[in-house]
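Have a look at model_15.pdb; it's PDB, C-alpha atoms:
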```pdb
MODEL        1
ATOM      1  CA  MET A   1      90.193 105.273  60.865
ATOM      2  CA  ILE A   2      89.037 103.874  64.211
ATOM      3  CA  ALA A   3      89.022 100.130  64.561
ATOM      4  CA  LEU A   4      86.931  98.443  67.235
ATOM      5  CA  PHE A   5      88.234  95.161  68.465
ATOM      6  CA  SER A   6      87.808  92.824  71.389
ATOM      7  CA  LEU A   7      89.858  90.072  72.896
ATOM      8  CA  THR A   8      88.607  87.448  75.286
ATOM      9  CA  LEU A   9      91.055  85.015  76.863
ATOM     10  CA  LEU A  10      91.078  82.425  79.597
ATOM     11  CA  VAL A  11      94.042  82.790  81.949
ATOM     12  CA  PHE A  12      94.315  81.242  85.404
ATOM     13  CA  ALA A  13      90.579  80.424  85.095
ATOM     14  CA  SER A  14      89.780  84.160  84.953
ATOM     15  CA  SER A  15      88.128  85.887  82.019
ATOM     16  CA  LEU A  16      90.169  88.709  80.509
ATOM     17  CA  HIS A  17      88.349  91.206  78.354
ATOM     18  CA  VAL A  18      89.444  94.313  76.524
ATOM     19  CA  GLU A  19      87.046  96.464  74.553
ATOM     20  CA  ALA A  20      89.180  99.099  72.912
ATOM     21  CA  GLN A  21      89.236 101.819  70.327
ATOM     22  CA  ASP A  22      92.558 102.259  68.533
ATOM     23  CA  SER A  23      93.262 105.645  66.958
ATOM     24  CA  GLY A  24      96.879 105.945  65.915
ATOM     25  CA  SER A  25      99.190 105.295  68.859
ATOM     26  CA  ARG A  26      96.496 106.143  71.448
ATOM     27  CA  ILE A  27      94.226 103.345  72.637
ATOM     28  CA  LYS A  28      91.129 103.574  74.822
ATOM     29  CA  VAL A  29      90.038 100.615  76.922
ATOM     30  CA  TYR A  30      86.585 100.548  78.547
ATOM     31  CA  ALA A  31      85.900  98.363  81.573
ATOM     32  CA  ASN A  32      83.829  97.886  84.713
ATOM     33  CA  ARG A  33      84.964  97.724  88.313
ATOM     34  CA  GLY A  34      86.069  94.209  89.205
ATOM     35  CA  ASP A  35      86.965  93.268  85.620
ATOM     36  CA  ASN A  36      90.193  91.575  84.604
ATOM     37  CA  ILE A  37      91.425  93.600  81.623
ATOM     38  CA  THR A  38      94.271  93.787  79.108
ATOM     39  CA  LEU A  39      96.078  96.957  78.017
ATOM     40  CA  PRO A  40      97.527  96.267  74.546
ATOM     41  CA  CYS A  41     101.187  96.885  73.703
ATOM     42  CA  ARG A  42     103.187  95.119  70.971
ATOM     43  CA  LEU A  43     106.589  95.361  69.324
ATOM     44  CA  GLU A  44     106.248  95.589  65.546
ATOM     45  CA  GLY A  45     108.628  94.471  62.803
ATOM     46  CA  GLN A  46     111.172  91.678  62.819
ATOM     47  CA  SER A  47     112.525  92.207  66.328
ATOM     48  CA  SER A  48     111.456  90.256  69.400
ATOM     49  CA  LEU A  49     111.179  91.399  73.009
ATOM     50  CA  PHE A  50     114.028  89.128  74.058
ATOM     51  CA  GLY A  51     116.596  91.230  75.911
ATOM     52  CA  ASN A  52     114.443  94.369  75.850
ATOM     53  CA  ARG A  53     113.315  96.279  78.915
ATOM     54  CA  ILE A  54     109.557  96.737  79.284
ATOM     55  CA  LYS A  55     108.242  99.421  81.594
ATOM     56  CA  TRP A  56     104.565 100.109  82.355
ATOM     57  CA  THR A  57     103.697 103.281  84.269
ATOM     58  CA  LYS A  58     100.481 105.099  85.168
ATOM     59  CA  ILE A  59     100.388 108.822  84.429
ATOM     60  CA  GLU A  60      98.649 110.621  87.277
ATOM     61  CA  ASP A  61      96.521 113.743  86.901
ATOM     62  CA  ASP A  62      99.370 115.939  88.158
ATOM     63  CA  SER A  63     101.569 114.467  85.340
ATOM     64  CA  THR A  64     103.709 112.419  87.736
ATOM     65  CA  GLU A  65     104.283 108.753  86.903
ATOM     66  CA  THR A  66     103.608 105.734  89.114
ATOM     67  CA  ASP A  67     105.480 102.511  88.369
ATOM     68  CA  VAL A  68     103.211  99.568  87.561
ATOM     69  CA  LEU A  69     105.485  96.838  86.188
ATOM     70  CA  ILE A  70     109.076  96.559  84.971
ATOM     71  CA  SER A  71     110.329  93.508  83.055
ATOM     72  CA  MET A  72     113.833  92.591  81.923
ATOM     73  CA  GLY A  73     113.999  89.070  80.575
ATOM     74  CA  LEU A  74     112.976  86.658  83.297
ATOM     75  CA  HIS A  75     113.073  89.360  85.955
ATOM     76  CA  LYS A  76     109.751  91.089  86.572
ATOM     77  CA  ARG A  77     108.527  93.350  89.339
ATOM     78  CA  THR A  78     105.202  95.001  90.106
ATOM     79  CA  TYR A  79     104.689  97.993  92.387
ATOM     80  CA  GLY A  80     102.301  99.420  94.954
ATOM     81  CA  ASN A  81      98.636  98.635  94.527
ATOM     82  CA  PHE A  82      99.453  96.607  91.402
ATOM     83  CA  GLN A  83     101.377  93.908  93.268
ATOM     84  CA  ASN A  84      99.697  90.515  92.743
ATOM     85  CA  ARG A  85      97.244  92.176  90.293
ATOM     86  CA  ALA A  86      99.402  92.972  87.245
ATOM     87  CA  TYR A  87     101.429  90.778  84.887
ATOM     88  CA  LEU A  88     102.428  90.564  81.225
ATOM     89  CA  LEU A  89     100.235  88.496  78.917
ATOM     90  CA  GLU A  90     103.183  87.365  76.709
ATOM     91  CA  MET A  91     101.146  85.620  74.023
ATOM     92  CA  ASP A  92     104.239  85.612  71.780
ATOM     93  CA  ASP A  93     107.749  87.115  71.645
ATOM     94  CA  LYS A  94     106.419  90.531  70.563
ATOM     95  CA  ASP A  95     103.655  90.878  73.142
ATOM     96  CA  ALA A  96     104.072  93.356  76.026
ATOM     97  CA  THR A  97     100.346  93.527  76.829
ATOM     98  CA  LEU A  98      99.613  94.284  80.495
ATOM     99  CA  VAL A  99      96.959  92.375  82.445
ATOM    100  CA  ILE A 100      95.362  94.036  85.485
ATOM    101  CA  THR A 101      92.967  91.953  87.564
ATOM    102  CA  ASN A 102      90.091  93.028  89.805
ATOM    103  CA  LEU A 103      89.953  96.670  88.704
ATOM    104  CA  ASP A 104      89.224  99.206  91.410
ATOM    105  CA  LEU A 105      88.138 102.835  91.265
ATOM    106  CA  ASN A 106      91.677 104.183  91.387
ATOM    107  CA  ASP A 107      92.828 102.219  88.345
ATOM    108  CA  TYR A 108      91.264 104.519  85.747
ATOM    109  CA  GLY A 109      93.615 106.843  83.870
ATOM    110  CA  THR A 110      96.415 106.793  81.307
ATOM    111  CA  TYR A 111      99.009 104.020  81.172
ATOM    112  CA  ARG A 112     102.306 104.169  79.260
ATOM    113  CA  CYS A 113     104.097 101.141  77.828
ATOM    114  CA  GLU A 114     107.776 101.678  77.009
ATOM    115  CA  ILE A 115     109.747  99.010  75.150
ATOM    116  CA  ILE A 116     113.379 100.019  75.539
ATOM    117  CA  ASN A 117     116.282  98.535  73.607
ATOM    118  CA  GLY A 118     118.545 101.576  73.531
ATOM    119  CA  MET A 119     118.037 102.353  69.858
ATOM    120  CA  ASN A 120     114.468 101.891  68.682
ATOM    121  CA  ASP A 121     112.362 102.559  71.760
ATOM    122  CA  LYS A 122     108.589 102.277  71.406
ATOM    123  CA  ILE A 123     105.991 104.087  73.514
ATOM    124  CA  THR A 124     102.282 103.231  73.563
ATOM    125  CA  GLU A 125      99.733 105.070  75.691
ATOM    126  CA  VAL A 126      96.464 103.459  76.755
ATOM    127  CA  ASP A 127      93.557 105.298  78.383
ATOM    128  CA  LEU A 128      91.652 103.068  80.799
ATOM    129  CA  GLU A 129      88.119 104.323  81.392
ATOM    130  CA  LEU A 130      85.792 102.801  83.967
ATOM    131  CA  GLN A 131      82.075 102.861  83.315
ATOM    132  CA  GLY A 132      80.651 104.911  86.144
ATOM    133  CA  VAL A 133      78.940 108.068  87.341
ATOM    134  CA  VAL A 134      80.014 111.392  88.865
ATOM    135  CA  PHE A 135      77.956 112.876  91.670
ATOM    136  CA  PRO A 136      78.297 116.046  93.753
ATOM    137  CA  TYR A 137      78.660 115.568  97.484
ATOM    138  CA  SER A 138      78.569 117.712 100.595
ATOM    139  CA  PRO A 139      78.358 116.399 104.183
ATOM    140  CA  ARG A 140      75.816 116.949 106.943
ATOM    141  CA  LEU A 141      77.713 120.111 107.924
ATOM    142  CA  GLY A 142      76.484 121.768 104.732
ATOM    143  CA  ARG A 143      78.005 123.350 101.647
ATOM    144  CA  TYR A 144      81.682 124.230 101.368
ATOM    145  CA  ASN A 145      82.976 122.376 104.413
ATOM    146  CA  LEU A 146      85.596 120.072 102.863
ATOM    147  CA  ASN A 147      89.278 120.698 102.332
ATOM    148  CA  PHE A 148      90.939 118.373  99.807
ATOM    149  CA  GLN A 149      91.838 115.670 102.353
ATOM    150  CA  ASP A 150      88.313 115.764 103.782
ATOM    151  CA  ALA A 151      86.950 115.506 100.236
ATOM    152  CA  GLU A 152      88.998 112.369  99.548
ATOM    153  CA  ALA A 153      87.742 110.801 102.779
ATOM    154  CA  ALA A 154      84.131 111.791 102.076
ATOM    155  CA  CYS A 155      84.151 110.134  98.644
ATOM    156  CA  LEU A 156      85.841 107.015 100.014
ATOM    157  CA  GLU A 157      83.176 106.711 102.703
ATOM    158  CA  GLN A 158      80.522 106.712  99.956
ATOM    159  CA  ASP A 159      82.176 103.935  97.882
ATOM    160  CA  ALA A 160      83.757 106.454  95.511
ATOM    161  CA  VAL A 161      86.900 108.430  94.730
ATOM    162  CA  VAL A 162      87.400 112.100  93.897
ATOM    163  CA  ALA A 163      86.474 112.550  90.224
ATOM    164  CA  SER A 164      88.894 113.614  87.506
ATOM    165  CA  PHE A 165      88.439 116.538  85.122
ATOM    166  CA  ASP A 166      87.730 114.137  82.246
ATOM    167  CA  GLN A 167      85.051 112.346  84.254
ATOM    168  CA  LEU A 168      83.320 115.602  85.207
ATOM    169  CA  TYR A 169      83.624 116.850  81.621
ATOM    170  CA  GLY A 170      81.957 113.662  80.397
ATOM    171  CA  GLU A 171      79.039 114.213  82.776
ATOM    172  CA  TRP A 172      78.728 117.832  81.631
ATOM    173  CA  ILE A 173      78.577 116.666  77.995
ATOM    174  CA  ASN A 174      75.706 114.399  79.093
ATOM    175  CA  GLY A 175      73.827 117.323  80.657
ATOM    176  CA  MET A 176      75.081 117.631  84.246
ATOM    177  CA  ASP A 177      74.299 121.084  85.679
ATOM    178  CA  TRP A 178      75.428 121.911  89.214
ATOM    179  CA  CYS A 179      76.000 125.362  90.658
ATOM    180  CA  ASN A 180      78.172 124.452  93.657
ATOM    181  CA  ALA A 181      81.943 124.259  93.206
ATOM    182  CA  GLY A 182      83.691 121.031  94.129
ATOM    183  CA  TRP A 183      87.174 119.527  94.329
ATOM    184  CA  LEU A 184      88.572 117.370  91.524
ATOM    185  CA  ASN A 185      91.453 114.953  91.952
ATOM    186  CA  ASP A 186      94.009 117.303  90.366
ATOM    187  CA  GLY A 187      93.461 119.839  93.150
ATOM    188  CA  THR A 188      91.334 122.184  91.053
ATOM    189  CA  VAL A 189      87.848 123.347  92.014
ATOM    190  CA  GLN A 190      85.216 123.412  89.270
ATOM    191  CA  TYR A 191      81.511 123.016  88.541
ATOM    192  CA  PRO A 192      79.487 122.114  85.392
ATOM    193  CA  ILE A 193      76.884 124.492  83.935
ATOM    194  CA  THR A 194      74.647 123.582  80.995
ATOM    195  CA  LYS A 195      72.068 126.334  81.612
ATOM    196  CA  PRO A 196      73.885 129.635  82.292
ATOM    197  CA  ARG A 197      72.175 131.871  84.866
ATOM    198  CA  GLU A 198      73.067 134.749  87.175
ATOM    199  CA  PRO A 199      73.833 132.838  90.384
ATOM    200  CA  CYS A 200      76.125 130.442  88.494
ATOM    201  CA  GLY A 201      78.727 132.550  86.732
ATOM    202  CA  GLY A 202      76.321 134.859  84.914
ATOM    203  CA  ALA A 203      73.429 134.497  82.495
ATOM    204  CA  ARG A 204      75.428 135.812  79.533
ATOM    205  CA  THR A 205      78.328 133.409  79.903
ATOM    206  CA  SER A 206      78.569 130.259  77.835
ATOM    207  CA  ALA A 207      77.852 126.779  79.136
ATOM    208  CA  GLY A 208      80.865 124.793  80.311
ATOM    209  CA  LEU A 209      82.980 123.853  83.288
ATOM    210  CA  ARG A 210      83.486 126.875  85.531
ATOM    211  CA  THR A 211      86.871 126.726  87.253
ATOM    212  CA  TYR A 212      88.466 128.343  90.280
ATOM    213  CA  GLY A 213      91.800 126.775  89.278
ATOM    214  CA  GLN A 214      94.220 125.194  91.738
ATOM    215  CA  GLN A 215      93.326 125.811  95.375
ATOM    216  CA  ASP A 216      95.084 125.427  98.718
ATOM    217  CA  LYS A 217      94.321 121.799  99.594
ATOM    218  CA  SER A 218      94.585 122.312 103.341
ATOM    219  CA  ASN A 219      92.888 125.651 103.928
ATOM    220  CA  LYS A 220      90.298 126.100 101.188
ATOM    221  CA  ARG A 221      86.907 124.439 101.605
ATOM    222  CA  TYR A 222      84.404 123.413  98.951
ATOM    223  CA  ASP A 223      82.138 120.508  98.062
ATOM    224  CA  VAL A 224      83.517 117.571  96.059
ATOM    225  CA  PHE A 225      82.669 115.683  92.897
ATOM    226  CA  CYS A 226      82.924 111.942  93.498
ATOM    227  CA  PHE A 227      83.169 109.114  90.976
ATOM    228  CA  THR A 228      81.838 105.606  91.507
ATOM    229  CA  ALA A 229      81.620 102.644  89.151
ATOM    230  CA  SER A 230      79.473  99.577  88.658
ATOM    231  CA  LEU A 231      78.107  97.819  91.721
ATOM    232  CA  ARG A 232      79.597  94.560  92.926
ATOM    233  CA  GLY A 233      76.512  93.610  94.867
ATOM    234  CA  HIS A 234      72.748  94.093  95.122
ATOM    235  CA  PHE A 235      71.171  97.496  95.846
ATOM    236  CA  TYR A 236      67.496  97.587  96.873
ATOM    237  CA  TYR A 237      64.777  99.368  98.825
ATOM    238  CA  LEU A 238      63.854  97.259 101.842
ATOM    239  CA  ILE A 239      60.099  96.849 102.206
ATOM    240  CA  GLN A 240      59.087  97.398 105.849
ATOM    241  CA  PRO A 241      55.684  97.572 107.580
ATOM    242  CA  LYS A 242      56.493 100.956 109.166
ATOM    243  CA  ARG A 243      58.739 103.974 108.795
ATOM    244  CA  LEU A 244      62.149 103.903 110.478
ATOM    245  CA  ASN A 245      64.557 106.184 112.266
ATOM    246  CA  PHE A 246      68.229 105.960 111.285
ATOM    247  CA  ASP A 247      69.294 103.348 113.864
ATOM    248  CA  GLU A 248      66.281 101.190 113.015
ATOM    249  CA  ALA A 249      67.173 101.489 109.320
ATOM    250  CA  VAL A 250      70.723 100.257 109.956
ATOM    251  CA  ASP A 251      69.389  97.310 112.000
ATOM    252  CA  ALA A 252      66.758  96.447 109.375
ATOM    253  CA  CYS A 253      69.405  96.032 106.679
ATOM    254  CA  LYS A 254      71.547  93.920 109.015
ATOM    255  CA  ARG A 255      68.615  91.623 109.755
ATOM    256  CA  ASP A 256      68.188  91.201 106.001
ATOM    257  CA  GLY A 257      71.816  90.104 105.644
ATOM    258  CA  ALA A 258      72.893  93.427 104.147
ATOM    259  CA  GLU A 259      74.306  96.823 105.093
ATOM    260  CA  ILE A 260      72.734 100.248 104.789
ATOM    261  CA  ALA A 261      73.561 101.579 101.311
ATOM    262  CA  LYS A 262      75.986 104.410 100.617
ATOM    263  CA  VAL A 263      75.506 107.427  98.383
ATOM    264  CA  GLY A 264      77.784 105.898  95.757
ATOM    265  CA  HIS A 265      75.577 102.793  95.682
ATOM    266  CA  ILE A 266      72.383 104.719  94.979
ATOM    267  CA  TYR A 267      73.997 106.750  92.182
ATOM    268  CA  ALA A 268      75.504 103.659  90.549
ATOM    269  CA  ALA A 269      72.195 101.787  90.731
ATOM    270  CA  TRP A 270      70.326 104.791  89.300
ATOM    271  CA  LYS A 271      72.718 105.706  86.477
ATOM    272  CA  LEU A 272      74.080 102.301  85.450
ATOM    273  CA  LEU A 273      71.144 100.002  86.232
ATOM    274  CA  GLY A 274      68.192 102.349  85.769
ATOM    275  CA  TYR A 275      66.975 101.800  89.336
ATOM    276  CA  ASP A 276      63.755 103.696  90.014
ATOM    277  CA  SER A 277      61.946 104.163  93.315
ATOM    278  CA  CYS A 278      59.762 106.983  94.604
ATOM    279  CA  ASP A 279      60.329 105.966  98.236
ATOM    280  CA  ALA A 280      62.644 108.215 100.236
ATOM    281  CA  GLY A 281      65.095 106.143 102.247
ATOM    282  CA  TRP A 282      67.960 106.475 104.713
ATOM    283  CA  LEU A 283      71.562 106.049 103.515
ATOM    284  CA  ALA A 284      74.721 105.368 105.496
ATOM    285  CA  ASP A 285      75.788 109.027 105.774
ATOM    286  CA  GLY A 286      72.500 109.935 107.455
ATOM    287  CA  SER A 287      71.040 111.509 104.337
ATOM    288  CA  VAL A 288      67.674 110.628 102.791
ATOM    289  CA  ARG A 289      67.421 110.235  98.995
ATOM    290  CA  TYR A 290      65.534 108.356  96.294
ATOM    291  CA  PRO A 291      66.437 107.490  92.655
ATOM    292  CA  ILE A 292      64.119 108.358  89.768
ATOM    293  CA  SER A 293      64.844 106.992  86.294
ATOM    294  CA  ARG A 294      61.280 107.532  84.982
ATOM    295  CA  PRO A 295      60.174 111.098  85.830
ATOM    296  CA  ARG A 296      56.491 111.301  86.774
ATOM    297  CA  LYS A 297      54.084 113.300  88.882
ATOM    298  CA  ASN A 298      55.171 113.536  92.543
ATOM    299  CA  CYS A 299      58.423 111.676  91.700
ATOM    300  CA  SER A 300      60.856 114.177  90.149
ATOM    301  CA  PRO A 301      58.390 115.161  87.391
ATOM    302  CA  THR A 302      60.832 117.076  85.177
ATOM    303  CA  GLU A 303      64.045 115.029  85.163
ATOM    304  CA  ALA A 304      65.677 111.720  85.979
ATOM    305  CA  ALA A 305      67.766 112.253  89.106
ATOM    306  CA  VAL A 306      68.731 111.041  92.542
ATOM    307  CA  ARG A 307      66.542 113.300  94.630
ATOM    308  CA  PHE A 308      68.014 114.667  97.852
ATOM    309  CA  VAL A 309      65.616 115.096 100.775
ATOM    310  CA  GLY A 310      68.280 116.281 103.203
ATOM    311  CA  PHE A 311      69.953 115.261 106.457
ATOM    312  CA  PRO A 312      66.962 114.974 108.800
ATOM    313  CA  ASP A 313      67.057 114.348 112.535
ATOM    314  CA  LYS A 314      68.144 110.715 112.830
ATOM    315  CA  LYS A 315      65.432 110.093 115.416
ATOM    316  CA  GLN A 316      62.635 110.861 112.967
ATOM    317  CA  LYS A 317      60.582 107.839 111.912
ATOM    318  CA  LEU A 318      59.559 109.209 108.538
ATOM    319  CA  TYR A 319      61.512 107.176 105.967
ATOM    320  CA  GLY A 320      62.356 103.752 104.652
ATOM    321  CA  VAL A 321      65.875 102.463 103.941
ATOM    322  CA  TYR A 322      68.053 101.426 101.014
ATOM    323  CA  CYS A 323      70.238  98.386 101.585
ATOM    324  CA  TYR A 324      73.238  96.860  99.832
ATOM    325  CA  LYS A 325      74.411  93.244  99.767
ATOM    326  CA  PRO A 326      78.024  92.924  98.597
ATOM    327  CA  GLN A 327      78.910  89.944  96.458
ATOM    328  CA  PRO A 328      80.267  87.079  98.565
TER     329      PRO A 328
ENDMDL
END
```
If you took the structure in this file and wrote it as structure tokens, what would it be?
Amino acid sequence: MIALFSLTLLVFASSLHVEAQDSGSRIKVYANRGDNITLPCRLEGQSSLFGNRIKWTKIEDDSTETDVLISMGLHKRTYGNFQNRAYLLEMDDKDATLVITNLDLNDYGTYRCEIINGMNDKITEVDLELQGVVFPYSPRLGRYNLNFQDAEAACLEQDAVVASFDQLYGEWINGMDWCNAGWLNDGTVQYPITKPREPCGGARTSAGLRTYGQQDKSNKRYDVFCFTASLRGHFYYLIQPKRLNFDEAVDACKRDGAEIAKVGHIYAAWKLLGYDSCDAGWLADGSVRYPISRPRKNCSPTEAAVRFVGFPDKKQKLYGVYCYKPQP
């Protein structure tokens, strides 16, 4: 039986929220970027946590573990990117719940809570899933020009991170179909097919994620699947009296107190906010795109999508611009 529960608390004047599904010993927590969240872990029975060692780790996609927090009595230590962002909730003497503040894109994944007393150790695993969107990306150079390190940098430049297998699988379940192979964060290269056809693995094959398996991260070159989450600012098409070249587009956003939007911004606005505009506009990577949530004649008539116009000559004055104002 799956129980749905929520917990809202006020700690250090910040709102903590966990929306979780509990199935046996595995818990799923759903959150948005920027949230302050709790990952549940409790000691059951008559014992208390006094004198026990509590260890929280994050299990990476290559099965290695990253230390998050270790507690032994009054002594507590956090590690790496979790310093000053993670602490124990400690609502009572059985509570080992972890609080993580200001979630970022790299925080998604599986967390393990170990309560260690030498005899009756307890392990709880919590899957933290960020609400977001996966999008395929290739640079101005064209298809299959990114090794793994380049792919990581390309996603980061577009307000995203390299997607995981689970994230790409979730998009495939929701209908994503893309025939170009791209890096995932575990070092594999895959692509999602919902409509099998000859150029994409064969017309007689079944739908699914096509995989090339693990690839040489330095020497092999592909596209990349990026993942971005909810916006922490305002994305919009800037109304202008005339069409702009790229430099004019950058300046127009600056004059409006904003920055030129990134590819991750347009996908997040389209998928998570339902943003819809038939106006093609410049983005920060020099590409021109427009988001369609309501397919109609002359505006992606057959499907909702972020339409890709291309990487035109930056001197062309043929397009508008999409801007982004981060939250102060």
Original post:
Which is closest to Gln214 of chain A among A:Leu103, A:Ala269, A:Tyr111, A:Asp62, if we use all atoms listed in the file?
Top reply: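 Checking each of A:Leu103, A:Ala269, A:Tyr111, A:Asp62 against Gln214 of chain A, counting all atoms listed in the file, the winner is A:Asp62.
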Original post:
Can you tell me how far atom CA of Thr64 of chain A sits from atom CA of Tyr87 of chain A, in Å to one decimal?
Top reply: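 Those two atoms sit 21.9 Å apart.
Minimum atom-to-atom distance to Asn147 of chain A, evaluated using all atoms listed in the file, belongs to A:Lys220 out of A:Lys220, A:Lys314, A:Arg232, A:Arg26.
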Original post:
For this file, the PyMOL selection byres ((chain A and resi 196-202) around 12) selects which residues, as a VMD selection string?
Top reply: chain A and resid 177 to 181 190 to 195 203 to 212
Original post:
Counting all atoms listed in the file, what is within 10 Å of Asp104 of chain A, bar same-chain residues fewer than 4 positions away, as a list in words?
Top reply: Asn32, Arg33, Gly34, Asp35, Asn81, Ile100, Tyr108, Leu130, Ala160, Thr228 and Ala229 of chain A
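Pairwise distance (atom CA of Met91 of chain A, atom CA of Glu60 of chain A) equals 28.4 Å.
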Subject >> For atom CA of Leu69 of chain A and atom CA of Asp92 of chain A, the interatomic separation in Å (one decimal) >> reply: 18.3 Å
**OP:** Identify, on the basis of only C-alpha atoms, every residue whose closest approach to Gly187 of chain A does not exceed 10 Å; exclude the query and any residue fewer than 4 positions from it along the same chain; express the result as a ChimeraX atom specification.
**Re:** /A:61-62,148,162,164,182-183,213-217
**OP:** Taking the file above as input, evaluate the PyMOL selection byres ((chain A and resi 132) around 12) and report the hits as a PyMOL selection string.
**Re:** chain A and resi 30-33+104-105+108+129-131+133-135+159-161+163+167-168+170-171+226-231+264-265+267-273
Original post:
Could you spell out the hits of the PyMOL selection byres ((chain A and resi 59) around 12) on the shown file, as a PyMOL selection string?
Top reply: chain A and resi 56-58+60-68+107-113+125-128
**OP:** Find the residues near Leu74 of chain A: any atom within 12 Å, counting all atoms listed in the file, skip ones fewer than 5 places away on the same chain, and give them as a count of residues only.
**Re:** 8
**OP:** List the residues sitting within 12 Å of (73.8, 108.2, 106.4) in the file's frame, using all atoms listed in the file, as JSON, numbers by chain.
**Re:** {"A": [139, 140, 154, 157, 158, 245, 246, 247, 249, 250, 259, 260, 261, 262, 263, 264, 281, 282, 283, 284, 285, 286, 287, 288, 289, 310, 311, 312, 313, 314, 321, 322, 323]}
Subject >> Selected residue, from A:Leu43, A:Ile173, A:Val224, A:Val29, that lies nearest to Asp186 of chain A when counting all atoms listed in the file >> reply: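 With all atoms listed in the file as the atom set, the closest residue is A:Val224.
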**OP:** Please identify all polymer residues within 7 Å of His234 of chain A, counting only C-alpha atoms, omitting same-chain residues fewer than 5 positions from it, and present them as a list of chain:residue names.
**Re:** A:Tyr324, A:Lys325, A:Pro326
Quick one: 8 Å padding each side, axis-aligned, all listed atoms of segment 120-130 of chain A - centre and edge lengths in Å to one decimal, as JSON?
```
{"center_x": 100.1, "center_y": 103.6, "center_z": 76.3, "size_x": 44.7, "size_y": 19.4, "size_z": 31.3}
```
Original post:
Which residue out of A:Ala305, A:Ala151, A:Leu146, A:Leu89 has the minimum interatomic distance to Gly274 of chain A when only C-alpha atoms are used?
Top reply: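 Smallest distance to Gly274 of chain A is found for A:Ala305.
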